[in-house]
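To be precise, the following lines are entry-v8.pdb, and they hold PDB, C-alpha atoms.
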```
ATOM      1  CA  MET S   1      79.861  64.675 173.488
ATOM      2  CA  ARG S   2      79.940  68.283 174.688
ATOM      3  CA  PRO S   3      81.959  70.412 172.241
ATOM      4  CA  VAL S   4      85.140  72.206 173.255
ATOM      5  CA  LEU S   5      87.026  75.155 171.765
ATOM      6  CA  ALA S   6      89.005  72.870 169.439
ATOM      7  CA  ASP S   7      85.727  71.723 167.850
ATOM      8  CA  ILE S   8      84.837  75.330 167.096
ATOM      9  CA  PHE S   9      88.191  75.929 165.440
ATOM     10  CA  ALA S  10      87.614  72.748 163.396
ATOM     11  CA  ALA S  11      84.166  74.009 162.361
ATOM     12  CA  ALA S  12      85.746  77.264 161.215
ATOM     13  CA  GLN S  13      87.765  75.245 158.686
ATOM     14  CA  VAL S  14      84.623  73.472 157.417
ATOM     15  CA  ILE S  15      82.682  76.681 156.771
ATOM     16  CA  VAL S  16      85.567  78.834 155.555
ATOM     17  CA  GLY S  17      84.769  80.810 152.440
ATOM     18  CA  VAL S  18      81.035  80.024 152.621
ATOM     19  CA  ALA S  19      79.578  81.248 155.913
ATOM     20  CA  ASP S  20      82.407  82.974 157.762
ATOM     21  CA  ARG S  21      83.651  86.513 158.412
ATOM     22  CA  THR S  22      80.462  88.525 158.491
ATOM     23  CA  PRO S  23      80.940  92.226 159.344
ATOM     24  CA  LEU S  24      81.134  93.482 162.926
ATOM     25  CA  VAL S  25      80.074  97.108 162.689
ATOM     26  CA  PRO S  26      79.451  99.888 165.203
ATOM     27  CA  SER S  27      75.974 101.280 165.825
ATOM     28  CA  PRO S  28      76.487 105.021 166.392
ATOM     29  CA  TYR S  29      73.002 105.388 167.876
ATOM     30  CA  MET S  30      73.331 102.527 170.370
ATOM     31  CA  THR S  31      76.882 103.611 171.177
ATOM     32  CA  GLY S  32      75.375 106.932 172.231
ATOM     33  CA  VAL S  33      72.788 105.158 174.377
ATOM     34  CA  VAL S  34      75.335 102.907 176.085
ATOM     35  CA  GLY S  35      78.191 105.420 176.366
ATOM     36  CA  ALA S  36      80.638 102.832 174.973
ATOM     37  CA  ASP S  37      81.110 101.039 171.661
ATOM     38  CA  PHE S  38      78.023  99.028 170.711
ATOM     39  CA  LEU S  39      78.713  96.558 167.903
ATOM     40  CA  LEU S  40      76.462  94.582 165.574
ATOM     41  CA  LYS S  41      77.590  91.195 164.212
ATOM     42  CA  LEU S  42      75.760  91.097 160.876
ATOM     43  CA  GLU S  43      74.783  87.453 160.438
ATOM     44  CA  ASN S  44      71.861  88.699 158.343
ATOM     45  CA  MET S  45      74.488  89.021 155.584
ATOM     46  CA  GLN S  46      74.953  85.245 155.313
ATOM     47  CA  PRO S  47      74.051  83.621 151.946
ATOM     48  CA  ILE S  48      70.778  82.315 153.437
ATOM     49  CA  GLY S  49      70.203  85.508 155.426
ATOM     50  CA  ALA S  50      70.837  83.932 158.828
ATOM     51  CA  PHE S  51      73.578  82.589 161.127
ATOM     52  CA  LYS S  52      72.119  79.091 161.025
ATOM     53  CA  LEU S  53      74.136  78.307 157.905
ATOM     54  CA  ARG S  54      77.278  77.946 160.035
ATOM     55  CA  GLY S  55      75.990  75.087 162.158
ATOM     56  CA  ALA S  56      74.142  73.475 159.268
ATOM     57  CA  LEU S  57      77.233  73.371 157.055
ATOM     58  CA  ASN S  58      79.277  71.805 159.834
ATOM     59  CA  ALA S  59      76.636  69.205 160.708
ATOM     60  CA  VAL S  60      75.737  68.253 157.126
ATOM     61  CA  ALA S  61      79.440  67.788 156.387
ATOM     62  CA  GLY S  62      79.398  65.174 159.147
ATOM     63  CA  ALA S  63      76.421  63.369 157.568
ATOM     64  CA  GLN S  64      77.815  62.972 154.049
ATOM     65  CA  ASP S  65      77.168  59.202 153.915
ATOM     66  CA  ALA S  66      73.542  59.491 155.081
ATOM     67  CA  ALA S  67      70.495  58.713 152.950
ATOM     68  CA  GLY S  68      69.431  62.291 153.570
ATOM     69  CA  VAL S  69      68.953  64.779 156.376
ATOM     70  CA  THR S  70      65.975  66.090 158.277
ATOM     71  CA  CYS S  71      65.286  68.608 161.020
ATOM     72  CA  CYS S  72      62.524  70.530 162.697
ATOM     73  CA  SER S  73      62.851  74.279 162.364
ATOM     74  CA  THR S  74      61.165  77.645 162.913
ATOM     75  CA  GLY S  75      62.678  78.661 159.583
ATOM     76  CA  ASN S  76      66.318  79.657 159.537
ATOM     77  CA  HIS S  77      67.820  76.318 160.597
ATOM     78  CA  GLY S  78      65.756  74.590 157.934
ATOM     79  CA  ARG S  79      67.006  77.057 155.374
ATOM     80  CA  GLY S  80      70.584  76.370 156.450
ATOM     81  CA  VAL S  81      70.159  72.596 156.288
ATOM     82  CA  ALA S  82      68.489  72.874 152.876
ATOM     83  CA  TYR S  83      71.352  75.021 151.548
ATOM     84  CA  ALA S  84      74.052  72.750 152.952
ATOM     85  CA  ALA S  85      72.320  69.567 151.763
ATOM     86  CA  ARG S  86      71.836  70.906 148.238
ATOM     87  CA  ALA S  87      75.553  71.765 148.050
ATOM     88  CA  ARG S  88      76.393  68.138 148.902
ATOM     89  CA  GLY S  89      73.659  66.511 146.808
ATOM     90  CA  LEU S  90      71.718  65.179 149.800
ATOM     91  CA  ARG S  91      67.962  64.864 150.231
ATOM     92  CA  ALA S  92      66.615  67.283 152.863
ATOM     93  CA  VAL S  93      63.197  67.152 154.553
ATOM     94  CA  ILE S  94      62.390  70.128 156.799
ATOM     95  CA  CYS S  95      59.607  69.737 159.383
ATOM     96  CA  MET S  96      57.842  72.894 160.574
ATOM     97  CA  SER S  97      54.782  73.935 162.554
ATOM     98  CA  GLU S  98      51.849  75.957 161.257
ATOM     99  CA  LEU S  99      53.149  78.994 163.196
ATOM    100  CA  VAL S 100      56.143  79.457 160.890
ATOM    101  CA  PRO S 101      55.681  82.467 158.555
ATOM    102  CA  GLN S 102      54.986  81.541 154.931
ATOM    103  CA  ALA S 103      57.984  83.574 153.758
ATOM    104  CA  LYS S 104      60.289  81.170 155.585
ATOM    105  CA  VAL S 105      58.507  78.104 154.196
ATOM    106  CA  ASP S 106      58.813  79.476 150.650
ATOM    107  CA  GLY S 107      62.500  80.244 151.149
ATOM    108  CA  ILE S 108      63.246  76.648 152.156
ATOM    109  CA  ARG S 109      61.327  75.180 149.221
ATOM    110  CA  ALA S 110      63.229  77.487 146.881
ATOM    111  CA  LEU S 111      66.435  75.746 148.016
ATOM    112  CA  GLY S 112      65.102  72.389 146.841
ATOM    113  CA  ALA S 113      64.149  70.841 150.171
ATOM    114  CA  GLU S 114      60.904  69.050 150.987
ATOM    115  CA  VAL S 115      58.791  70.817 153.634
ATOM    116  CA  ARG S 116      56.414  69.037 156.013
ATOM    117  CA  ILE S 117      53.978  71.305 157.915
ATOM    118  CA  VAL S 118      52.850  69.442 161.046
ATOM    119  CA  GLY S 119      50.705  70.762 163.914
ATOM    120  CA  ARG S 120      50.906  74.035 165.797
ATOM    121  CA  SER S 121      54.071  73.440 167.789
ATOM    122  CA  GLN S 122      57.686  72.533 167.249
ATOM    123  CA  ASP S 123      57.044  69.403 169.307
ATOM    124  CA  ALA S 124      54.757  68.140 166.537
ATOM    125  CA  ALA S 125      57.355  69.018 163.910
ATOM    126  CA  GLN S 126      59.993  67.234 165.976
ATOM    127  CA  ALA S 127      57.847  64.104 166.090
ATOM    128  CA  GLU S 128      57.646  64.081 162.294
ATOM    129  CA  ALA S 129      61.437  64.447 162.021
ATOM    130  CA  ALA S 130      61.845  61.493 164.401
ATOM    131  CA  ARG S 131      59.481  59.437 162.229
ATOM    132  CA  LEU S 132      61.578  60.201 159.132
ATOM    133  CA  VAL S 133      64.680  59.014 160.959
ATOM    134  CA  ALA S 134      62.995  55.773 162.034
ATOM    135  CA  GLU S 135      61.150  54.971 158.795
ATOM    136  CA  ASP S 136      63.205  56.598 156.018
ATOM    137  CA  GLY S 137      66.667  56.319 157.514
ATOM    138  CA  LEU S 138      67.379  60.043 157.398
ATOM    139  CA  THR S 139      69.916  61.658 159.710
ATOM    140  CA  GLU S 140      68.420  64.285 162.014
ATOM    141  CA  ILE S 141      70.219  67.573 162.520
ATOM    142  CA  SER S 142      68.930  69.337 165.611
ATOM    143  CA  PRO S 143      68.692  73.124 165.336
ATOM    144  CA  PHE S 144      70.393  73.478 168.720
ATOM    145  CA  ASP S 145      71.114  70.189 170.525
ATOM    146  CA  ASP S 146      73.856  68.881 168.265
ATOM    147  CA  ALA S 147      77.576  69.164 168.957
ATOM    148  CA  LEU S 148      78.446  69.960 165.329
ATOM    149  CA  VAL S 149      75.720  72.600 165.109
ATOM    150  CA  ILE S 150      76.817  74.202 168.370
ATOM    151  CA  ALA S 151      80.442  74.231 167.206
ATOM    152  CA  GLY S 152      79.425  75.824 163.918
ATOM    153  CA  GLN S 153      77.502  78.600 165.654
ATOM    154  CA  GLY S 154      80.453  79.058 167.995
ATOM    155  CA  THR S 155      82.553  80.355 165.105
ATOM    156  CA  ILE S 156      80.663  83.633 165.522
ATOM    157  CA  GLY S 157      82.229  83.940 168.969
ATOM    158  CA  LEU S 158      85.706  83.348 167.532
ATOM    159  CA  GLU S 159      85.228  86.124 164.998
ATOM    160  CA  ILE S 160      83.816  88.606 167.507
ATOM    161  CA  MET S 161      86.621  88.074 169.999
ATOM    162  CA  ALA S 162      89.318  88.212 167.316
ATOM    163  CA  ALA S 163      87.968  91.563 166.162
ATOM    164  CA  ARG S 164      87.301  93.026 169.625
ATOM    165  CA  PRO S 165      89.301  91.334 172.382
ATOM    166  CA  ASP S 166      88.387  94.313 174.608
ATOM    167  CA  LEU S 167      84.689  93.360 174.575
ATOM    168  CA  GLU S 168      83.027  93.469 178.008
ATOM    169  CA  THR S 169      79.413  92.415 177.309
ATOM    170  CA  LEU S 170      77.919  90.082 174.697
ATOM    171  CA  LEU S 171      74.147  89.914 174.187
ATOM    172  CA  ILE S 172      72.928  86.749 172.425
ATOM    173  CA  PRO S 173      69.386  86.016 171.189
ATOM    174  CA  LEU S 174      68.292  82.868 173.032
ATOM    175  CA  SER S 175      65.967  80.129 171.812
ATOM    176  CA  GLY S 176      66.960  76.461 171.918
ATOM    177  CA  GLY S 177      70.431  77.511 172.973
ATOM    178  CA  GLY S 178      72.598  76.334 170.079
ATOM    179  CA  LEU S 179      73.756  79.849 169.242
ATOM    180  CA  ALA S 180      74.146  80.930 172.860
ATOM    181  CA  ALA S 181      75.979  77.735 173.843
ATOM    182  CA  GLY S 182      78.430  77.852 170.969
ATOM    183  CA  VAL S 183      79.156  81.571 171.081
ATOM    184  CA  ALA S 184      79.446  81.617 174.876
ATOM    185  CA  LEU S 185      81.791  78.613 174.803
ATOM    186  CA  ALA S 186      84.107  80.319 172.313
ATOM    187  CA  ALA S 187      83.961  83.789 173.819
ATOM    188  CA  LYS S 188      84.260  82.839 177.487
ATOM    189  CA  THR S 189      87.033  80.321 176.853
ATOM    190  CA  ILE S 190      88.983  83.117 175.205
ATOM    191  CA  LYS S 191      87.978  85.735 177.800
ATOM    192  CA  PRO S 192      86.566  84.131 180.974
ATOM    193  CA  ASP S 193      85.470  87.408 182.581
ATOM    194  CA  LEU S 194      83.342  88.413 179.573
ATOM    195  CA  ARG S 195      79.703  89.003 180.560
ATOM    196  CA  VAL S 196      77.460  86.902 178.302
ATOM    197  CA  ILE S 197      73.694  87.394 178.516
ATOM    198  CA  GLY S 198      70.968  85.443 176.729
ATOM    199  CA  ILE S 199      67.932  87.467 175.627
ATOM    200  CA  SER S 200      64.497  86.122 174.693
ATOM    201  CA  MET S 201      60.887  87.255 174.382
ATOM    202  CA  ASP S 202      58.669  87.114 177.450
ATOM    203  CA  ARG S 203      56.069  84.770 175.939
ATOM    204  CA  GLY S 204      57.000  81.147 175.323
ATOM    205  CA  ALA S 205      60.699  81.398 176.234
ATOM    206  CA  ALA S 206      61.517  77.700 176.619
ATOM    207  CA  MET S 207      65.167  77.955 177.631
ATOM    208  CA  TYR S 208      64.435  80.649 180.222
ATOM    209  CA  GLU S 209      61.675  78.570 181.825
ATOM    210  CA  SER S 210      63.833  75.447 181.709
ATOM    211  CA  LEU S 211      66.744  77.192 183.407
ATOM    212  CA  ARG S 212      64.387  78.468 186.098
ATOM    213  CA  ALA S 213      63.039  74.956 186.656
ATOM    214  CA  GLY S 214      66.468  73.336 186.614
ATOM    215  CA  HIS S 215      65.505  70.945 183.812
ATOM    216  CA  PRO S 216      63.906  71.072 180.340
ATOM    217  CA  VAL S 217      60.225  71.991 180.414
ATOM    218  CA  GLU S 218      57.555  72.421 177.770
ATOM    219  CA  VAL S 219      56.046  75.838 177.090
ATOM    220  CA  GLU S 220      53.059  76.979 175.085
ATOM    221  CA  GLU S 221      54.090  78.487 171.765
ATOM    222  CA  VAL S 222      52.406  81.750 170.811
ATOM    223  CA  PRO S 223      52.858  84.125 167.869
ATOM    224  CA  SER S 224      55.676  86.625 168.393
ATOM    225  CA  LEU S 225      57.581  89.306 166.529
ATOM    226  CA  ALA S 226      60.588  87.199 167.544
ATOM    227  CA  ASP S 227      59.148  84.039 165.964
ATOM    228  CA  SER S 228      62.641  82.609 165.364
ATOM    229  CA  LEU S 229      63.045  82.313 169.144
ATOM    230  CA  GLY S 230      59.959  80.107 169.487
ATOM    231  CA  GLY S 231      59.873  76.372 170.084
ATOM    232  CA  GLY S 232      60.926  74.038 172.866
ATOM    233  CA  ILE S 233      64.400  72.853 173.793
ATOM    234  CA  GLY S 234      63.528  69.147 173.773
ATOM    235  CA  MET S 235      62.671  67.202 176.896
ATOM    236  CA  ALA S 236      65.666  64.926 176.279
ATOM    237  CA  ASN S 237      68.042  67.851 175.699
ATOM    238  CA  ARG S 238      71.633  66.555 175.936
ATOM    239  CA  LEU S 239      73.842  69.594 175.339
ATOM    240  CA  SER S 240      72.447  73.095 174.901
ATOM    241  CA  PHE S 241      70.529  73.259 178.203
ATOM    242  CA  ALA S 242      73.552  72.353 180.324
ATOM    243  CA  MET S 243      75.855  74.615 178.320
ATOM    244  CA  CYS S 244      73.524  77.607 178.656
ATOM    245  CA  ARG S 245      73.144  76.883 182.365
ATOM    246  CA  ASP S 246      76.900  76.774 182.836
ATOM    247  CA  LEU S 247      78.022  79.537 180.480
ATOM    248  CA  LEU S 248      75.414  82.306 180.509
ATOM    249  CA  ASP S 249      75.773  84.951 183.188
ATOM    250  CA  ASP S 250      72.098  85.902 182.966
ATOM    251  CA  VAL S 251      68.946  85.508 180.873
ATOM    252  CA  ILE S 252      66.690  88.512 180.248
ATOM    253  CA  LEU S 253      63.191  88.655 178.752
ATOM    254  CA  VAL S 254      61.812  91.524 176.665
ATOM    255  CA  THR S 255      58.214  92.316 175.734
ATOM    256  CA  GLU S 256      56.676  92.385 172.277
ATOM    257  CA  GLU S 257      56.349  96.162 172.607
ATOM    258  CA  GLU S 258      60.073  96.439 173.377
ATOM    259  CA  ILE S 259      60.893  94.256 170.370
ATOM    260  CA  TYR S 260      58.642  96.450 168.190
ATOM    261  CA  THR S 261      60.540  99.578 169.266
ATOM    262  CA  ALA S 262      63.937  97.934 168.777
ATOM    263  CA  MET S 263      63.019  96.846 165.235
ATOM    264  CA  GLN S 264      62.223 100.475 164.456
ATOM    265  CA  VAL S 265      65.491 101.646 166.009
ATOM    266  CA  LEU S 266      67.613  99.178 164.023
ATOM    267  CA  TYR S 267      65.850 100.160 160.800
ATOM    268  CA  TYR S 268      65.781 103.937 161.184
ATOM    269  CA  GLU S 269      69.095 104.422 162.971
ATOM    270  CA  ASP S 270      71.248 101.698 161.372
ATOM    271  CA  ARG S 271      69.278 101.153 158.133
ATOM    272  CA  ILE S 272      69.133  97.406 158.749
ATOM    273  CA  VAL S 273      66.248  95.086 157.851
ATOM    274  CA  ALA S 274      66.186  92.242 160.371
ATOM    275  CA  GLU S 275      63.906  89.803 162.156
ATOM    276  CA  GLY S 276      62.396  90.584 165.524
ATOM    277  CA  ALA S 277      64.567  87.868 167.060
ATOM    278  CA  CYS S 278      67.669  89.865 166.069
ATOM    279  CA  VAL S 279      66.824  92.941 168.072
ATOM    280  CA  VAL S 280      66.169  91.447 171.509
ATOM    281  CA  GLY S 281      69.631  92.528 172.682
ATOM    282  CA  ILE S 282      68.924  96.080 171.562
ATOM    283  CA  ALA S 283      65.491  95.898 173.215
ATOM    284  CA  ALA S 284      67.047  94.790 176.510
ATOM    285  CA  VAL S 285      69.383  97.799 176.519
ATOM    286  CA  LEU S 286      66.787 100.347 175.422
ATOM    287  CA  SER S 287      64.361  99.115 178.107
ATOM    288  CA  GLY S 288      67.020  99.383 180.807
ATOM    289  CA  LYS S 289      66.860  95.659 181.571
ATOM    290  CA  VAL S 290      70.526  95.339 180.648
ATOM    291  CA  VAL S 291      73.014  98.072 181.517
ATOM    292  CA  PRO S 292      76.206  97.261 179.578
ATOM    293  CA  LYS S 293      79.610  98.056 180.995
ATOM    294  CA  GLY S 294      82.238  98.865 178.386
ATOM    295  CA  PRO S 295      82.293  97.712 174.755
ATOM    296  CA  THR S 296      79.211  95.635 173.956
ATOM    297  CA  ALA S 297      78.145  93.482 171.013
ATOM    298  CA  THR S 298      75.009  91.718 169.895
ATOM    299  CA  ILE S 299      74.264  89.385 166.996
ATOM    300  CA  ILE S 300      71.888  90.428 164.203
ATOM    301  CA  THR S 301      70.904  86.858 163.527
ATOM    302  CA  GLY S 302      68.821  86.990 160.340
ATOM    303  CA  ARG S 303      66.712  88.842 157.801
ATOM    304  CA  ASN S 304      64.200  86.155 156.735
ATOM    305  CA  LEU S 305      61.101  87.896 157.979
ATOM    306  CA  ASP S 306      57.541  88.514 156.874
ATOM    307  CA  MET S 307      57.963  91.811 155.019
ATOM    308  CA  ALA S 308      54.289  92.716 155.376
ATOM    309  CA  MET S 309      54.641  92.415 159.156
ATOM    310  CA  PHE S 310      57.927  94.330 159.073
ATOM    311  CA  THR S 311      56.302  97.129 157.073
ATOM    312  CA  ARG S 312      53.581  97.440 159.685
ATOM    313  CA  VAL S 313      56.194  97.798 162.412
ATOM    314  CA  ILE S 314      58.395 100.390 160.746
ATOM    315  CA  THR S 315      55.400 102.473 159.622
ATOM    316  CA  GLY S 316      54.007 102.524 163.154
ATOM    317  CA  GLN S 317      50.875 100.442 162.593
ATOM    318  CA  ASP S 318      49.162  98.080 165.030
ATOM    319  CA  VAL S 319      50.365  94.469 164.892
ATOM    320  CA  VAL S 320      48.148  91.518 165.797
ATOM    321  CA  LEU S 321      49.867  88.464 167.270
ATOM    322  CA  GLY S 322      47.191  85.887 167.986
ATOM    323  CA  ASP S 323      45.164  87.292 170.864
ATOM    324  CA  LYS S 324      47.661  90.093 171.513
ATOM    325  CA  VAL S 325      47.606  93.503 169.829
ATOM    326  CA  ILE S 326      50.691  95.698 169.843
ATOM    327  CA  GLN S 327      49.629  99.311 169.615
ATOM    328  CA  GLY S 328      51.310 101.103 166.742
ATOM    329  CA  LYS S 329      53.769 103.890 167.390
ATOM    330  CA  THR S 330      55.412 106.126 164.819
ATOM    331  CA  TYR S 331      59.165 106.136 165.263
ATOM    332  CA  GLY S 332      60.495 109.246 166.958
ATOM    333  CA  THR S 333      57.187 110.279 168.542
TER     334      THR S 333
END
```
Represent the supplied structure as structure tokens.
Amino acid sequence: MRPVLADIFAAAQVIVGVADRTPLVPSPYMTGVVGADFLLKLENMQPIGAFKLRGALNAVAGAQDAAGVTCCSTGNHGRGVAYAARARGLRAVICMSELVPQAKVDGIRALGAEVRIVGRSQDAAQAEAARLVAEDGLTEISPFDDALVIAGQGTIGLEIMAARPDLETLLIPLSGGGLAAGVALAAKTIKPDLRVIGISMDRGAAMYESLRAGHPVEVEEVPSLADSLGGGIGMANRLSFAMCRDLLDDVILVTEEEIYTAMQVLYYEDRIVAEGACVVGIAAVLSGKVVPKGPTATIITGRNLDMAMFTRVITGQDVVLGDKVIQGKTYGT
């Protein structure tokens, strides 16, 4: 069943004291660029380093009587499910593709979950999760197409709007749509004229291509600085596709080069270490693809990145992403 605002308020009670009330702070640099307040919702400060803990806590709480839980993940959702399952004494098996950075795999194992590496796409990982449901009796927790997950992520929208009811534009990193659906539902129910824009990378953006087609479609996954935004939305998507279609005012794509620059900006100007997926909203503004009107916020979704890759970006070195090379550029030059 499609979640409503009451479900998000209920989720806020489930996660209270564990994954709620992250800071919403101004970015002086981006405020200067925009000419109005530009705010950063620091979900990278969550206990697992990512917003995914909100939805995972809410969904695992609903699966307390299960034999265990499983999911497919590009990293942060798996980390959230592992954390939530360990807190409740449940078995957790996280299915991931070979494209997921090793740092994220190691982080999940450190939380006591089993990790299954399957194939080179999230579709292959999803198939393994489905097998575990059928053969081992585990309960699957989708990273985005689950009402409890969407409601949990929506608590971010409640917090943003409570802190800044004057907000005019909200920029949300967009992948499978769980975050965008939940946050947009909360924010636009509270303030219907709020402009909510989903932002993704321009290579392998499954939700963007699905919205263009009018139905879920498969896309080829490729390495990206915004690896957390990779993966499909599921051909049998029940919730997040329709919610993104109905609630987002626009979807914008940014290039790897624009993500590279935005990672440097967030680090050097705001002193924040964050994944490439976090900065797509900043990249969209800096590139001129989004021109905010009035107070604007974006969500810094997580910090669980490959630090060797991050070091290459902030020191202005070339970065190789499969068959693509991003030419290095020293910040400020």
The PyMOL selection byres ((chain S and resi 38-44) around 8) on the file shown: which residues, as a CSV table (one decimal) with C-alpha atoms, in the coordinates of the input?
```csv
chain,number,residue,atom,x,y,z
S,22,THR,CA,80.5,88.5,158.5
S,23,PRO,CA,80.9,92.2,159.3
S,24,LEU,CA,81.1,93.5,162.9
S,25,VAL,CA,80.1,97.1,162.7
S,26,PRO,CA,79.5,99.9,165.2
S,27,SER,CA,76.0,101.3,165.8
S,28,PRO,CA,76.5,105.0,166.4
S,30,MET,CA,73.3,102.5,170.4
S,31,THR,CA,76.9,103.6,171.2
S,34,VAL,CA,75.3,102.9,176.1
S,36,ALA,CA,80.6,102.8,175.0
S,37,ASP,CA,81.1,101.0,171.7
S,45,MET,CA,74.5,89.0,155.6
S,46,GLN,CA,75.0,85.2,155.3
S,49,GLY,CA,70.2,85.5,155.4
S,50,ALA,CA,70.8,83.9,158.8
S,51,PHE,CA,73.6,82.6,161.1
S,160,ILE,CA,83.8,88.6,167.5
S,274,ALA,CA,66.2,92.2,160.4
S,295,PRO,CA,82.3,97.7,174.8
S,296,THR,CA,79.2,95.6,174.0
S,297,ALA,CA,78.1,93.5,171.0
S,298,THR,CA,75.0,91.7,169.9
S,299,ILE,CA,74.3,89.4,167.0
S,300,ILE,CA,71.9,90.4,164.2
S,301,THR,CA,70.9,86.9,163.5
S,302,GLY,CA,68.8,87.0,160.3
S,303,ARG,CA,66.7,88.8,157.8
```
Q: May I ask which of the residues S:Ala125, S:Val265, S:Ala206, S:Ala184 is the closest one to Gly230 in chain S, counting all atoms listed in the file?
A: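 Ranking S:Ala125, S:Val265, S:Ala206, S:Ala184 by distance to Gly230 in chain S, first place goes to S:Ala206.
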Q | Using all atoms listed in the file: which of S:Tyr83, S:Tyr29, S:Tyr260, S:Phe9 has the shortest distance to Thr330 in chain S | A |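 Of S:Tyr83, S:Tyr29, S:Tyr260, S:Phe9, the one nearest Thr330 in chain S, counting all atoms listed in the file, is S:Tyr260.
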Q) How many Å lie between CA of Asn304 in chain S and CA of Gln126 in chain S, rounded to one decimal? A)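 CA of Gln126 in chain S lies at a distance of 21.5 Å from CA of Asn304 in chain S.
Against the coordinates shown, the PyMOL selection byres ((chain S and resi 148) around 7) returns S:Gly55, S:Asn58, S:Ala59, S:Asp146, S:Ala147, S:Val149, S:Ile150, S:Ala151, S:Gly152.
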Take the selection from the previous step and output its residues with C-alpha atoms, as a PDB file, in the coordinates of the input.
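Below you can see result-v2.pdb, which holds the result:
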```pdb
ATOM      1  CA  GLY S  55      75.990  75.087 162.158  1.00  0.00           C
ATOM      2  CA  ASN S  58      79.277  71.805 159.834  1.00  0.00           C
ATOM      3  CA  ALA S  59      76.636  69.205 160.708  1.00  0.00           C
ATOM      4  CA  ASP S 146      73.856  68.881 168.265  1.00  0.00           C
ATOM      5  CA  ALA S 147      77.576  69.164 168.957  1.00  0.00           C
ATOM      6  CA  VAL S 149      75.720  72.600 165.109  1.00  0.00           C
ATOM      7  CA  ILE S 150      76.817  74.202 168.370  1.00  0.00           C
ATOM      8  CA  ALA S 151      80.442  74.231 167.206  1.00  0.00           C
ATOM      9  CA  GLY S 152      79.425  75.824 163.918  1.00  0.00           C
TER      10      GLY S 152
END
```
Q | Using all atoms listed in the file: which of S:Asp246, S:Glu98, S:Glu275, S:Asp123 has the shortest distance to Ser228 in chain S | A | S:Glu275
**Q.** Nearby residues (only C-alpha atoms) at most 10 Å from Ala63 in chain S, same-chain spacing under 5 positions excluded, as a ChimeraX atom specification
**A.** /S:58,68-69,85,88,90,138-141
Since I can't run it myself right now, could you work out what the PyMOL selection byres ((chain S and resi 282) around 9) selects here and report it as a PDB file with C-alpha atoms, in the frame of the given file?
```
ATOM      1  CA  MET S  30      73.331 102.527 170.370  1.00  0.00           C
ATOM      2  CA  LEU S 171      74.147  89.914 174.187  1.00  0.00           C
ATOM      3  CA  ILE S 259      60.893  94.256 170.370  1.00  0.00           C
ATOM      4  CA  ALA S 262      63.937  97.934 168.777  1.00  0.00           C
ATOM      5  CA  MET S 263      63.019  96.846 165.235  1.00  0.00           C
ATOM      6  CA  VAL S 265      65.491 101.646 166.009  1.00  0.00           C
ATOM      7  CA  LEU S 266      67.613  99.178 164.023  1.00  0.00           C
ATOM      8  CA  CYS S 278      67.669  89.865 166.069  1.00  0.00           C
ATOM      9  CA  VAL S 279      66.824  92.941 168.072  1.00  0.00           C
ATOM     10  CA  VAL S 280      66.169  91.447 171.509  1.00  0.00           C
ATOM     11  CA  GLY S 281      69.631  92.528 172.682  1.00  0.00           C
ATOM     12  CA  ALA S 283      65.491  95.898 173.215  1.00  0.00           C
ATOM     13  CA  ALA S 284      67.047  94.790 176.510  1.00  0.00           C
ATOM     14  CA  VAL S 285      69.383  97.799 176.519  1.00  0.00           C
ATOM     15  CA  LEU S 286      66.787 100.347 175.422  1.00  0.00           C
ATOM     16  CA  SER S 287      64.361  99.115 178.107  1.00  0.00           C
ATOM     17  CA  THR S 298      75.009  91.718 169.895  1.00  0.00           C
TER      18      THR S 298
END
```
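The nearest approach to Ser175 in chain S among the residues S:His215, S:His77, S:Arg271, S:Lys188, with all atoms listed in the file taken into account, belongs to S:His77.
Counting from CA of Gly107 in chain S, the distance to CA of Asn237 in chain S is 28.1 Å.
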Q. Taking into account all atoms listed in the file, which residue in the set S:Leu185, S:Leu158, S:Cys95, S:Ala130 is nearest to Arg245 in chain S?
A.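 So, comparing all the options, the nearest one is S:Leu185.
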Q: Figure out the distance between CA of Ile8 in chain S and CA of Thr189 in chain S, please, to one decimal in Å.
A: 11.2 Å
Starting from 3 Å padding per side, set up an axis-aligned box that covers all listed atoms of range 217-225 of chain S and hand over centre and edge lengths in Å, one decimal, as lines of an AutoDock Vina configuration file.
```
center_x = 56.3
center_y = 80.6
center_z = 173.5
size_x = 13.8
size_y = 23.3
size_z = 19.9
```
Q.
For a quick check of understanding, using only C-alpha atoms, which of S:Arg21, S:Lys52, S:Arg212, S:Arg91 has the smallest distance to Phe241 in chain S?
A.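 Checking each of S:Arg21, S:Lys52, S:Arg212, S:Arg91 against Phe241 in chain S, counting only C-alpha atoms, the winner is S:Arg212.
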**Q.** Residue neighbourhood Val100 in chain S, 8 Å, only C-alpha atoms, exclusion window fewer than 6 positions, as an MDAnalysis selection string
**A.** chainID S and resid 74:75 227
Q. Could you name the residues that touch Val196 in chain S at 8 Å or less, counting only C-alpha atoms, but leaving out those on the same chain fewer than 5 positions away, as an MDAnalysis selection string?
A. chainID S and resid 169:172 184 188 247:250
Q: Pull the neighbourhood of (64.0, 83.7, 177.3) for me: all residues within 9 Å in file coordinates, counting only C-alpha atoms, as a VMD selection string.
A: chain S and resid 173 to 175 198 to 209 229 251 to 254
